[in-house]
Amino acid sequence: MSKLSVVLPAYNEELMVGKACRVLREILSKAGITYELVLVNDGSRDNTWEEIVKAGKKDKNILGVHFSRNFGKESAVFAGMAQATGDVIAVMDCDLQHPPETLVEMYHLWEQGYEVIEGVKKSRGKEGFLHKKSAGFFYGIMSKATKVDMQNASDFKMMDRKAVESILAMPERNMFFRATSSWVGFKTTYVKFEVQEREAGESKWSAWSLVKYAFTNIVAFTTLPLQFVTVGGVLCFIGSLVLIIYSLVQYFSGKAVAGYTTTIMVILLIGSAMMMSLGIIGYYIAKIYEEVKRRPRYIVSKIIRGSEDISNEARHDGV
Ligand code: UDP
Ligand code: MG
């Protein structure tokens with residue numbers, strides 16, 4: 001009998017943990033699927049961990065992983081996958097915005113032999129204009145980098161153990177999970193789902209954290225921005241050539257000196273282009289520095305299975 005592990009990262013989700021466990025248990029047991037719920041408490045500042053412990057007391061199929069602090073969703077997903085014992089592993093948000101019924105559909109596709117089942121958003125749900133546009137821009141770059149259409153990609157997916165193991169074996173610390181699952185390949189299919197409204201609690205994403213998220217992931221997945229620097233340099237060079245020819249013509253026709261404005265403009269433009277380029281390069285260097293330090297992806301302080309504390313027998317870091 002094969003087992004499904006559902007990984008649920010949770011950060012300040014005290015209002016949703018209990019409900020998510022209840023709904024998943026109901027749906028999965030009704031479908032006759034042997035399951036395990038891996039709840040990763042990503043350093044929540046509310047009572048999420050207490051809620052996980054409470055849920056564990058009621059259900060021995062619950063595995064709770066408690067981080068020593070907040071390490072971010074990608075790390076939580078990673079930890080959940082590392083602890084999961086199932087033959088097939090699903091990842092979904094624990095705010096139930098990913099419809100749990102879709103899990104059953106995904107599971108049947110896995111039984112049919114698919115190894116990676118990607119959840120694709122039917123629509124992107126309610127979002128502001130600016131949010132939509134910037135998300136569009138970000139996923140545009142990511143789609144180019146991954147050669148997969150990412151516009152409606154999500155973190156809702158189910159993967160065979162083989163695919164999960166190959167992701168776990170990757171050494172990099174900054175990982176963009178959404179794209180990596182397609183990067184590893186395997187027999188893939190897609191399932192459409194409608195993003196649900198969040199019932200309780202609030203989204204953990206501020207505008208600034210989204211910008212940071214986009215930047216980190218672009219840098220983690222592609223070196224394309226470094227090529228922007230080269231392209232920018234070439235454009236600057238062409239512009240300079242035009243200006244040089246223009247100045248020479250002015251000089252020889254005796255109309256020189258009046259070039260103060262252009263000079264200032266050229267200096268400013270080139271200066272800013274160089275600073276931006278250096279900024280991009282600097283960002284990559286910073287990320288390389290982070291990677292070579294080989295810090296663990298996360299630090300676990302406690303692990304429970306059902307009502308039992310199994311901290312001593314489990315893996316503790318994301319090395
Ligand atoms: N999450 C996490 N660590 C974080 C931020 C979020 O584990 O630092 C979890 C969160 O608990 C939820 C999922 O990631 O299960 C998605 O977060 P959220 O609902 O805030 O994102 P949105 O649905 O608004 O994109
Ligand atoms: Mg959400």
# chains A, B, ... in the order shown; residues from 1 in each chain; ligands from 1
>>> select_by_dssp(residues="stretch 80-235 of chain A", states="alpha helix (DSSP H)", output="VMD selection string")
chain A and resid 80 to 83 101 to 111 129 to 146 161 to 168 177 to 183 207 to 221 224 to 235
>>> residues_near_ligand(ligand="ligand 1", cutoff="7 Å", atoms="only C-alpha atoms and all ligand atoms", output="PDB file with all heavy atoms, in the first residue's frame")
ATOM      1  N   LEU A   8       3.053  20.699   4.487  1.00  0.00           N
ATOM      2  CA  LEU A   8       2.340  21.962   4.682  1.00  0.00           C
ATOM      3  C   LEU A   8       3.216  22.952   5.457  1.00  0.00           C
ATOM      4  O   LEU A   8       3.351  22.829   6.677  1.00  0.00           O
ATOM      5  CB  LEU A   8       1.049  21.704   5.470  1.00  0.00           C
ATOM      6  CG  LEU A   8       0.065  20.723   4.843  1.00  0.00           C
ATOM      7  CD1 LEU A   8      -0.555  19.843   5.887  1.00  0.00           C
ATOM      8  CD2 LEU A   8      -0.992  21.463   4.053  1.00  0.00           C
ATOM      9  N   PRO A   9       3.834  23.912   4.766  1.00  0.00           N
ATOM     10  CA  PRO A   9       4.602  24.917   5.493  1.00  0.00           C
ATOM     11  C   PRO A   9       3.645  25.847   6.220  1.00  0.00           C
ATOM     12  O   PRO A   9       2.606  26.215   5.657  1.00  0.00           O
ATOM     13  CB  PRO A   9       5.353  25.666   4.386  1.00  0.00           C
ATOM     14  CG  PRO A   9       4.547  25.470   3.166  1.00  0.00           C
ATOM     15  CD  PRO A   9       3.849  24.150   3.298  1.00  0.00           C
ATOM     16  N   ALA A  10       3.978  26.203   7.447  1.00  0.00           N
ATOM     17  CA  ALA A  10       3.060  27.054   8.209  1.00  0.00           C
ATOM     18  C   ALA A  10       3.821  28.147   8.951  1.00  0.00           C
ATOM     19  O   ALA A  10       4.724  27.871   9.725  1.00  0.00           O
ATOM     20  CB  ALA A  10       2.276  26.203   9.196  1.00  0.00           C
ATOM     21  N   TYR A  11       3.449  29.372   8.671  1.00  0.00           N
ATOM     22  CA  TYR A  11       4.048  30.502   9.366  1.00  0.00           C
ATOM     23  C   TYR A  11       2.916  31.375   9.892  1.00  0.00           C
ATOM     24  O   TYR A  11       2.139  31.913   9.102  1.00  0.00           O
ATOM     25  CB  TYR A  11       4.950  31.278   8.398  1.00  0.00           C
ATOM     26  CG  TYR A  11       5.543  32.525   8.984  1.00  0.00           C
ATOM     27  CD1 TYR A  11       6.289  32.466  10.158  1.00  0.00           C
ATOM     28  CD2 TYR A  11       5.368  33.761   8.370  1.00  0.00           C
ATOM     29  CE1 TYR A  11       6.827  33.611  10.696  1.00  0.00           C
ATOM     30  CE2 TYR A  11       5.916  34.907   8.909  1.00  0.00           C
ATOM     31  CZ  TYR A  11       6.642  34.827  10.076  1.00  0.00           C
ATOM     32  OH  TYR A  11       7.175  35.963  10.614  1.00  0.00           O
ATOM     33  N   ASN A  12       2.802  31.465  11.184  1.00  0.00           N
ATOM     34  CA  ASN A  12       1.704  32.200  11.825  1.00  0.00           C
ATOM     35  C   ASN A  12       0.340  31.755  11.301  1.00  0.00           C
ATOM     36  O   ASN A  12      -0.433  32.567  10.803  1.00  0.00           O
ATOM     37  CB  ASN A  12       1.861  33.716  11.631  1.00  0.00           C
ATOM     38  CG  ASN A  12       3.096  34.249  12.334  1.00  0.00           C
ATOM     39  OD1 ASN A  12       3.685  33.542  13.159  1.00  0.00           O
ATOM     40  ND2 ASN A  12       3.479  35.462  12.034  1.00  0.00           N
ATOM     41  N   GLU A  13       0.087  30.478  11.361  1.00  0.00           N
ATOM     42  CA  GLU A  13      -1.165  29.932  10.833  1.00  0.00           C
ATOM     43  C   GLU A  13      -1.989  29.269  11.932  1.00  0.00           C
ATOM     44  O   GLU A  13      -2.685  28.297  11.687  1.00  0.00           O
ATOM     45  CB  GLU A  13      -0.885  28.898   9.725  1.00  0.00           C
ATOM     46  CG  GLU A  13      -0.089  29.408   8.536  1.00  0.00           C
ATOM     47  CD  GLU A  13      -0.932  30.166   7.519  1.00  0.00           C
ATOM     48  OE1 GLU A  13      -2.113  30.431   7.799  1.00  0.00           O
ATOM     49  OE2 GLU A  13      -0.391  30.498   6.452  1.00  0.00           O
ATOM     50  N   ASN A  41       6.488  24.055  11.077  1.00  0.00           N
ATOM     51  CA  ASN A  41       6.293  25.351  11.707  1.00  0.00           C
ATOM     52  C   ASN A  41       7.529  26.206  11.461  1.00  0.00           C
ATOM     53  O   ASN A  41       8.566  26.008  12.063  1.00  0.00           O
ATOM     54  CB  ASN A  41       6.053  25.165  13.207  1.00  0.00           C
ATOM     55  CG  ASN A  41       6.024  26.488  13.917  1.00  0.00           C
ATOM     56  OD1 ASN A  41       5.587  27.489  13.350  1.00  0.00           O
ATOM     57  ND2 ASN A  41       6.495  26.508  15.142  1.00  0.00           N
ATOM     58  N   ASP A  42       7.367  27.173  10.558  1.00  0.00           N
ATOM     59  CA  ASP A  42       8.499  27.980  10.116  1.00  0.00           C
ATOM     60  C   ASP A  42       8.728  29.165  11.066  1.00  0.00           C
ATOM     61  O   ASP A  42       8.584  30.320  10.686  1.00  0.00           O
ATOM     62  CB  ASP A  42       8.196  28.458   8.690  1.00  0.00           C
ATOM     63  CG  ASP A  42       9.361  29.219   8.076  1.00  0.00           C
ATOM     64  OD1 ASP A  42      10.448  29.196   8.655  1.00  0.00           O
ATOM     65  OD2 ASP A  42       9.150  29.836   7.014  1.00  0.00           O
ATOM     66  N   ASN A  70      12.354  31.578  11.833  1.00  0.00           N
ATOM     67  CA  ASN A  70      11.752  31.635  10.503  1.00  0.00           C
ATOM     68  C   ASN A  70      12.841  31.538   9.430  1.00  0.00           C
ATOM     69  O   ASN A  70      13.767  32.335   9.396  1.00  0.00           O
ATOM     70  CB  ASN A  70      10.968  32.947  10.350  1.00  0.00           C
ATOM     71  CG  ASN A  70      10.355  33.094   8.970  1.00  0.00           C
ATOM     72  OD1 ASN A  70      10.900  33.790   8.128  1.00  0.00           O
ATOM     73  ND2 ASN A  70       9.262  32.417   8.725  1.00  0.00           N
ATOM     74  N   PHE A  71      12.736  30.506   8.572  1.00  0.00           N
ATOM     75  CA  PHE A  71      13.731  30.327   7.517  1.00  0.00           C
ATOM     76  C   PHE A  71      13.134  30.565   6.133  1.00  0.00           C
ATOM     77  O   PHE A  71      13.811  30.421   5.138  1.00  0.00           O
ATOM     78  CB  PHE A  71      14.336  28.918   7.574  1.00  0.00           C
ATOM     79  CG  PHE A  71      15.392  28.755   8.631  1.00  0.00           C
ATOM     80  CD1 PHE A  71      15.052  28.314   9.898  1.00  0.00           C
ATOM     81  CD2 PHE A  71      16.716  29.061   8.370  1.00  0.00           C
ATOM     82  CE1 PHE A  71      16.024  28.168  10.873  1.00  0.00           C
ATOM     83  CE2 PHE A  71      17.689  28.929   9.343  1.00  0.00           C
ATOM     84  CZ  PHE A  71      17.350  28.480  10.607  1.00  0.00           C
ATOM     85  N   GLY A  72      11.855  30.857   6.060  1.00  0.00           N
ATOM     86  CA  GLY A  72      11.223  31.103   4.759  1.00  0.00           C
ATOM     87  C   GLY A  72      10.546  29.856   4.216  1.00  0.00           C
ATOM     88  O   GLY A  72      10.883  28.730   4.570  1.00  0.00           O
ATOM     89  N   LYS A  73       9.577  30.102   3.345  1.00  0.00           N
ATOM     90  CA  LYS A  73       8.741  29.012   2.851  1.00  0.00           C
ATOM     91  C   LYS A  73       9.528  27.927   2.114  1.00  0.00           C
ATOM     92  O   LYS A  73       9.275  26.736   2.286  1.00  0.00           O
ATOM     93  CB  LYS A  73       7.666  29.589   1.931  1.00  0.00           C
ATOM     94  CG  LYS A  73       6.698  28.555   1.444  1.00  0.00           C
ATOM     95  CD  LYS A  73       5.650  29.140   0.537  1.00  0.00           C
ATOM     96  CE  LYS A  73       4.811  28.028  -0.022  1.00  0.00           C
ATOM     97  NZ  LYS A  73       3.825  28.510  -1.000  1.00  0.00           N
ATOM     98  N   ALA A  76      11.072  25.646   4.487  1.00  0.00           N
ATOM     99  CA  ALA A  76      10.059  24.832   5.157  1.00  0.00           C
ATOM    100  C   ALA A  76       9.623  23.682   4.249  1.00  0.00           C
ATOM    101  O   ALA A  76       9.469  22.534   4.693  1.00  0.00           O
ATOM    102  CB  ALA A  76       8.861  25.694   5.548  1.00  0.00           C
ATOM    103  N   ASP A  93      -0.142  24.866   0.414  1.00  0.00           N
ATOM    104  CA  ASP A  93      -0.215  25.872   1.470  1.00  0.00           C
ATOM    105  C   ASP A  93      -1.174  25.403   2.540  1.00  0.00           C
ATOM    106  O   ASP A  93      -2.164  24.741   2.238  1.00  0.00           O
ATOM    107  CB  ASP A  93      -0.746  27.204   0.911  1.00  0.00           C
ATOM    108  CG  ASP A  93       0.295  27.899   0.062  1.00  0.00           C
ATOM    109  OD1 ASP A  93       1.408  27.354  -0.054  1.00  0.00           O
ATOM    110  OD2 ASP A  93      -0.017  28.970  -0.477  1.00  0.00           O
ATOM    111  N   CYS A  94      -0.882  25.757   3.799  1.00  0.00           N
ATOM    112  CA  CYS A  94      -1.791  25.251   4.824  1.00  0.00           C
ATOM    113  C   CYS A  94      -2.925  26.233   5.095  1.00  0.00           C
ATOM    114  O   CYS A  94      -3.693  26.051   6.025  1.00  0.00           O
ATOM    115  CB  CYS A  94      -1.049  24.836   6.077  1.00  0.00           C
ATOM    116  SG  CYS A  94      -0.704  26.146   7.183  1.00  0.00           S
ATOM    117  N   ASP A  95      -3.080  27.264   4.265  1.00  0.00           N
ATOM    118  CA  ASP A  95      -4.225  28.164   4.439  1.00  0.00           C
ATOM    119  C   ASP A  95      -5.415  27.720   3.583  1.00  0.00           C
ATOM    120  O   ASP A  95      -6.385  28.451   3.429  1.00  0.00           O
ATOM    121  CB  ASP A  95      -3.835  29.603   4.115  1.00  0.00           C
ATOM    122  CG  ASP A  95      -3.205  29.740   2.729  1.00  0.00           C
ATOM    123  OD1 ASP A  95      -3.286  28.776   1.947  1.00  0.00           O
ATOM    124  OD2 ASP A  95      -2.646  30.809   2.439  1.00  0.00           O
ATOM    125  N   GLN A  97      -5.727  27.569   0.499  1.00  0.00           N
ATOM    126  CA  GLN A  97      -5.958  28.281  -0.760  1.00  0.00           C
ATOM    127  C   GLN A  97      -5.757  27.340  -1.940  1.00  0.00           C
ATOM    128  O   GLN A  97      -6.230  27.594  -3.037  1.00  0.00           O
ATOM    129  CB  GLN A  97      -5.023  29.483  -0.883  1.00  0.00           C
ATOM    130  CG  GLN A  97      -5.513  30.663  -0.070  1.00  0.00           C
ATOM    131  CD  GLN A  97      -4.695  31.915  -0.345  1.00  0.00           C
ATOM    132  OE1 GLN A  97      -3.534  32.000   0.012  1.00  0.00           O
ATOM    133  NE2 GLN A  97      -5.305  32.873  -0.999  1.00  0.00           N
ATOM    134  N   GLU A 202      -3.601  36.107   7.630  1.00  0.00           N
ATOM    135  CA  GLU A 202      -3.351  37.002   6.514  1.00  0.00           C
ATOM    136  C   GLU A 202      -2.161  36.546   5.697  1.00  0.00           C
ATOM    137  O   GLU A 202      -1.361  35.729   6.142  1.00  0.00           O
ATOM    138  CB  GLU A 202      -3.133  38.415   7.037  1.00  0.00           C
ATOM    139  CG  GLU A 202      -2.069  38.475   8.111  1.00  0.00           C
ATOM    140  CD  GLU A 202      -2.068  39.822   8.832  1.00  0.00           C
ATOM    141  OE1 GLU A 202      -3.135  40.469   8.895  1.00  0.00           O
ATOM    142  OE2 GLU A 202      -1.007  40.198   9.306  1.00  0.00           O
ATOM    143  N   SER A 203      -2.079  37.067   4.469  1.00  0.00           N
ATOM    144  CA  SER A 203      -0.966  36.718   3.605  1.00  0.00           C
ATOM    145  C   SER A 203       0.325  37.234   4.222  1.00  0.00           C
ATOM    146  O   SER A 203       0.357  38.284   4.832  1.00  0.00           O
ATOM    147  CB  SER A 203      -1.172  37.342   2.227  1.00  0.00           C
ATOM    148  OG  SER A 203      -0.040  37.097   1.447  1.00  0.00           O
ATOM    149  N   LYS A 204       1.398  36.452   4.055  1.00  0.00           N
ATOM    150  CA  LYS A 204       2.677  36.816   4.673  1.00  0.00           C
ATOM    151  C   LYS A 204       3.512  37.673   3.754  1.00  0.00           C
ATOM    152  O   LYS A 204       4.676  37.920   4.010  1.00  0.00           O
ATOM    153  CB  LYS A 204       3.454  35.550   5.056  1.00  0.00           C
ATOM    154  CG  LYS A 204       3.090  34.967   6.414  1.00  0.00           C
ATOM    155  CD  LYS A 204       1.807  34.241   6.393  1.00  0.00           C
ATOM    156  CE  LYS A 204       1.200  34.030   7.747  1.00  0.00           C
ATOM    157  NZ  LYS A 204      -0.155  33.498   7.626  1.00  0.00           N
ATOM    158  N   TRP A 205       2.952  38.074   2.633  1.00  0.00           N
ATOM    159  CA  TRP A 205       3.753  38.787   1.653  1.00  0.00           C
ATOM    160  C   TRP A 205       3.450  40.270   1.643  1.00  0.00           C
ATOM    161  O   TRP A 205       2.352  40.672   1.318  1.00  0.00           O
ATOM    162  CB  TRP A 205       3.505  38.214   0.258  1.00  0.00           C
ATOM    163  CG  TRP A 205       3.908  36.783   0.158  1.00  0.00           C
ATOM    164  CD1 TRP A 205       3.087  35.693   0.236  1.00  0.00           C
ATOM    165  CD2 TRP A 205       5.221  36.281   0.001  1.00  0.00           C
ATOM    166  NE1 TRP A 205       3.819  34.564   0.129  1.00  0.00           N
ATOM    167  CE2 TRP A 205       5.136  34.883  -0.017  1.00  0.00           C
ATOM    168  CE3 TRP A 205       6.483  36.885  -0.139  1.00  0.00           C
ATOM    169  CZ2 TRP A 205       6.250  34.071  -0.163  1.00  0.00           C
ATOM    170  CZ3 TRP A 205       7.574  36.074  -0.282  1.00  0.00           C
ATOM    171  CH2 TRP A 205       7.457  34.682  -0.302  1.00  0.00           C
TER     172      TRP A 205
END
>>> residues_around(residues="A:Leu235", least_positions_apart="6", cutoff="12 Å", atoms="only C-alpha atoms", output="PyMOL selection string")
chain A and resi 228-229+241-242+269-270+273
>>> write_last_selection(atoms="N, CA and C atoms", output="compact mmCIF listing (two decimals), in the first residue's frame")
# COMPACT_ATOMS: atom_id res chain seq x y z
N PHE A 228 22.20 41.26 -19.14
CA PHE A 228 21.66 42.61 -19.30
C PHE A 228 22.80 43.62 -19.20
N VAL A 229 23.71 43.35 -18.29
CA VAL A 229 24.83 44.26 -18.07
C VAL A 229 25.63 44.40 -19.36
N LEU A 241 29.19 56.29 -29.55
CA LEU A 241 29.70 56.46 -30.91
C LEU A 241 28.94 57.56 -31.63
N VAL A 242 27.60 57.52 -31.51
CA VAL A 242 26.77 58.53 -32.17
C VAL A 242 27.17 59.91 -31.66
N LEU A 269 24.69 59.39 -17.42
CA LEU A 269 24.11 58.15 -17.94
C LEU A 269 25.08 56.98 -17.79
N ILE A 270 26.31 57.22 -18.21
CA ILE A 270 27.29 56.13 -18.14
C ILE A 270 27.53 55.76 -16.68
N ALA A 273 24.59 53.73 -15.44
CA ALA A 273 24.59 52.40 -16.06
C ALA A 273 25.64 51.52 -15.39
>>> select_by_dssp(residues="stretch 135-211 of chain A", states="strand (DSSP E)", output="ChimeraX atom specification")
/A:153-160,188-193
>>> closest_residue(among="A:Leu37, A:Ala200, A:Ala79, A:Met158", to="ligand 2", atoms="only C-alpha atoms and all ligand atoms")
A:Ala200
>>> atom_distance(atom1="atom CA of A:Met1", atom2="atom CA of A:Val104")
15.8 Å
>>> residues_around(residues="A:Phe176", least_positions_apart="2", cutoff="9 Å", atoms="only C-alpha atoms", output="count of residues only")
11
>>> residues_around(residues="A:Gly80", least_positions_apart="6", cutoff="7 Å", atoms="only C-alpha atoms", output="PyMOL selection string")
chain A and resi 7+38+40
>>> atom_distance(atom1="atom CA of A:Val164", atom2="atom CA of A:Arg295")
21.2 Å
>>> residues_around(residues="stretch 46-55 of chain A", least_positions_apart="2", cutoff="9 Å", atoms="only C-alpha atoms", output="list of chain:residue names")
A:Ala10, A:Tyr11, A:Asn12, A:Glu13, A:Glu14, A:Leu15, A:Met16, A:Val17, A:Gly18, A:Cys21, A:Arg22, A:Leu39, A:Val40, A:Asn41, A:Gly43, A:Ser44, A:Lys57, A:Lys58, A:Asp59, A:Lys60, A:Ile62, A:Leu63, A:Gly64, A:Val65, A:His66, A:Ile304, A:Gly306, A:Ser307
